[in-house]
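Everything on this sheet refers to the single structure shown next.
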2 protein chains.
Amino acid sequence: MQNQQNQIETIRMPSIIRETIKIFRQRGKTVGLVPTMGALHNGHLALVRRSSIENDATIVSIFVNPLQFGANEDFAKYPRNISDDKDKLKEIGNVVLFMPDDMLMYPKGYSTYIDIGEIGTRLCGKYRPGHFNGVATVVCKLLNLIKPDRAYFGLKDYQQIVIIKKLVNELNMDIDILTAQTVREYDGLAMSSRNAYLNSEERKDAQLIYKALKTVETQLLDKSITPADVQSLMESTLRTGSHVKEIQYASIFDHETLIDISTSNVNNYKGKKVLLAAAVIIGSTRLIDNLLIEL
Amino acid sequence: MQNQQNQIETIRMPSIIRETIKIFRQRGKTVGLVPTMGALHNGHLALVRRSSIENDATIVSIFVNPLQFGANEDFAKYPRNISDDKDKLKEIGNVVLFMPDDMLMYPKGYSTYIDIGEIGTRLCGKYRPGHFNGVATVVCKLLNLIKPDRAYFGLKDYQQIVIIKKLVNELNMDIDILTAQTVREYDGLAMSSRNAYLNSEERKDAQLIYKALKTVETQLLDKSITPADVQSLMESTLRTGSHVKEIQYASIFDHETLIDISTSNVNNYKGKKVLLAAAVIIGSTRLIDNLLIEL
């Protein structure tokens, strides 16, 4: 399983990955899973490296899951760079790539879906109906197939993590869901495969998302604003960018329920973690980011 | 684990059953699961005995799953005879009883559900909306919690078996779903916990369900009728009972898709398995039965 020829083992069939994992298990190996949609960046690679340290074997899945894209979203044009992805992964030890075709994951007549409930309709779910049920369904499938000891997700997709932890807990799966800090560009922009869509002008405006988050963080922590001021302050920062076409949300949320707490009594959250989060359309690219802070 | 004191080990906590299974696994034991709602009859016990033969350890779950009962159904009055159930199980070797409380299976805020799709809306699903999604959800939870090598279900609930096999296959679970023939009373009535609801007059009429199934089976096999005649012949047999209040369905179905094939070309099904199935309300008790036959 060492990548001695500097090539990465790539498996496409669910039945083969299942047998591969069984062999690992028979040898007493622990298994980590890093589910991705490919177009790997340093955020993904940080997760893979962590899994590679914490487990004997790491499965990286690359699957652009059609279920989690809306009809008007970017499924068709979502970046796919398998050759680059393999080059990046082969530098990390003990990695197997699982790259199933759509028809192997959702064969003809497929009809079993997870409904994660109201939490999937908040924040991004409001603007991407069905998205989180699609995420929950594919993650449920991957977790059942790979049966990892640990699965790794980046905190940039904070709502996704809340939902996957809920899925694993409520469907009684025995898997540790581990998270890693958002990896950022030099100017704070959260790494995302979708950053590739931005032209240079849009790219400049994209840094405003992190700037808005950090501005409200600073002012909340030094008490110069309260949660009630978060939305307007974030929005005024974001609106300085001429390519910022839409602010879907930019506010402060309970970090567990994801309910907007901008009008809640600030004293209820004293000493507690809260989520600052935003979803913004820059040019025609939808970007999200968040910060978890303690009030 | 031998029931030497003639008592059965009873576990209520999901976390404890999980640890119990882990110990079995560490010892290299195979595990069978027989999910039930209690009020055990010989149909259940045949499944438990088979699991006891085929696995080193058998978990029998007793959980009257609120999710699979409609608002106007018999959840509250569903028969519960835990003491009798334990007496019956303790005669069978290597059985552990798992009997979780509702609040352990569906804690406050629970919101993760399986949607099994159109197949759950056919036959019984048409009359019990949401029933099969409730079944799929609890079975998914039990399978994830127990992680059995094999799980056992009775063919009396034929649609349930089709749905559970679909669930396991489509969510990529690695568990063998095994089935056992319907166990019947002396007059052919399929054993069911709900038979306890019948008074003696209704009990007499209840045998008409099996009689109707066997009548159409015989006449289909000797070619004296075609699938197009099945509904009317079954209904005329059933209607001889004065306590037969409603025939929800009584027809012939594709055994995989569960689509009614009474108007299909009989030649398409020559040499193939088909399902004869009925759901009937006798007095105020809903009973189901079926026969799988080869045309």
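Residues in the structure tokens are named by chain (A, B, ... in the order shown) and by number from 1 within that chain; ligands are numbered from 1 in the order shown.
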What lies within 8 Å of Asn81 in chain B using only C-alpha atoms, ignoring chain neighbours under 3 positions off, as a ChimeraX atom specification? /B:38-39,84-85
Dump as an MDAnalysis selection string the residues of chain A that approach chain B to within 9 Å, counting only C-alpha atoms. chainID A and resid 14 18 105:107 110:119 137:138 140:145 166:167 170:174
Fewer than 5 positions away in the same chain doesn't count, so skip those; otherwise give me all residues within 7 Å of range 271-283 of chain A, counting only C-alpha atoms, as a list in words. Glu202, Ala206, Leu213, His243, Val244, Lys245, Glu246, Ile247, Gln248, Tyr249, Ala250, Ser251, Ile252, Phe253, Asp254, His255, Ile288, Asp289, Asn290, Leu291, Leu292, Ile293, Glu294 and Leu295 of chain A
Within 9 Å of range 151-159 of chain B, counting only C-alpha atoms, which residues qualify if same-chain residues fewer than 5 places away don't, as a PDB file with C-alpha atoms, in the first residue's frame?
```
ATOM      1  CA  VAL B  31     -24.007 -11.922  15.022  1.00  0.00           C
ATOM      2  CA  GLY B  32     -27.600 -12.316  13.809  1.00  0.00           C
ATOM      3  CA  LEU B  33     -30.354  -9.759  14.338  1.00  0.00           C
ATOM      4  CA  VAL B  34     -34.088 -10.463  14.538  1.00  0.00           C
ATOM      5  CA  PRO B  35     -35.892  -7.110  14.746  1.00  0.00           C
ATOM      6  CA  THR B  36     -39.387  -7.414  16.235  1.00  0.00           C
ATOM      7  CA  GLY B  43     -43.288 -16.824  13.179  1.00  0.00           C
ATOM      8  CA  HIS B  44     -40.835 -14.706  15.167  1.00  0.00           C
ATOM      9  CA  ALA B  46     -38.730 -19.535  13.753  1.00  0.00           C
ATOM     10  CA  LEU B  47     -36.572 -16.541  12.768  1.00  0.00           C
ATOM     11  CA  VAL B  48     -34.828 -16.525  16.147  1.00  0.00           C
ATOM     12  CA  ARG B  50     -32.735 -19.949  12.488  1.00  0.00           C
ATOM     13  CA  SER B  51     -30.493 -17.063  13.549  1.00  0.00           C
ATOM     14  CA  ILE B 119     -42.086   1.498  -3.499  1.00  0.00           C
ATOM     15  CA  GLY B 120     -43.160   2.539  -0.010  1.00  0.00           C
ATOM     16  CA  ARG B 122     -47.650   0.826  -3.027  1.00  0.00           C
ATOM     17  CA  LEU B 123     -49.789  -1.971  -1.483  1.00  0.00           C
ATOM     18  CA  CYS B 124     -49.851  -1.336   2.283  1.00  0.00           C
ATOM     19  CA  GLY B 125     -48.107   2.010   1.800  1.00  0.00           C
ATOM     20  CA  PHE B 132     -42.467   2.113   5.322  1.00  0.00           C
ATOM     21  CA  LEU B 143     -28.601  -2.360  11.539  1.00  0.00           C
ATOM     22  CA  ILE B 164     -35.358  -3.458   3.576  1.00  0.00           C
ATOM     23  CA  ILE B 175     -25.535  -7.172   5.741  1.00  0.00           C
ATOM     24  CA  ASP B 176     -27.299 -10.304   4.494  1.00  0.00           C
ATOM     25  CA  ILE B 177     -31.078  -9.960   4.682  1.00  0.00           C
ATOM     26  CA  LEU B 178     -32.559 -13.426   5.161  1.00  0.00           C
ATOM     27  CA  THR B 179     -36.188 -14.376   5.006  1.00  0.00           C
ATOM     28  CA  ALA B 180     -38.316 -17.189   6.348  1.00  0.00           C
ATOM     29  CA  GLN B 181     -41.636 -18.640   5.274  1.00  0.00           C
ATOM     30  CA  THR B 182     -44.787 -17.373   6.913  1.00  0.00           C
ATOM     31  CA  VAL B 183     -45.787 -19.554   9.856  1.00  0.00           C
ATOM     32  CA  ALA B 190     -50.768 -16.242   8.958  1.00  0.00           C
ATOM     33  CA  MET B 191     -49.413 -15.768  12.460  1.00  0.00           C
ATOM     34  CA  SER B 192     -49.468 -12.114  13.473  1.00  0.00           C
ATOM     35  CA  HIS B 255     -42.602  -9.525  -6.907  1.00  0.00           C
ATOM     36  CA  LEU B 258     -44.811  -4.508  -6.423  1.00  0.00           C
ATOM     37  CA  LEU B 275     -46.846 -12.123  -5.633  1.00  0.00           C
ATOM     38  CA  ALA B 277     -51.178 -10.403  -1.728  1.00  0.00           C
ATOM     39  CA  ILE B 288     -52.201  -8.939   5.568  1.00  0.00           C
ATOM     40  CA  ASP B 289     -50.981 -12.089   3.866  1.00  0.00           C
ATOM     41  CA  ASN B 290     -49.331 -13.159   0.626  1.00  0.00           C
ATOM     42  CA  LEU B 291     -48.106 -16.078  -1.444  1.00  0.00           C
TER      43      LEU B 291
END
```
Going by DSSP on the backbone, which bits of range 36-214 of chain B are helix (DSSP H, G or I)? Write them as number ranges by chain, please. B: 42-54, 66-68, 82-89, 102-105, 118-121, 124-127, 131-146, 155-170, 193-197, 200-214
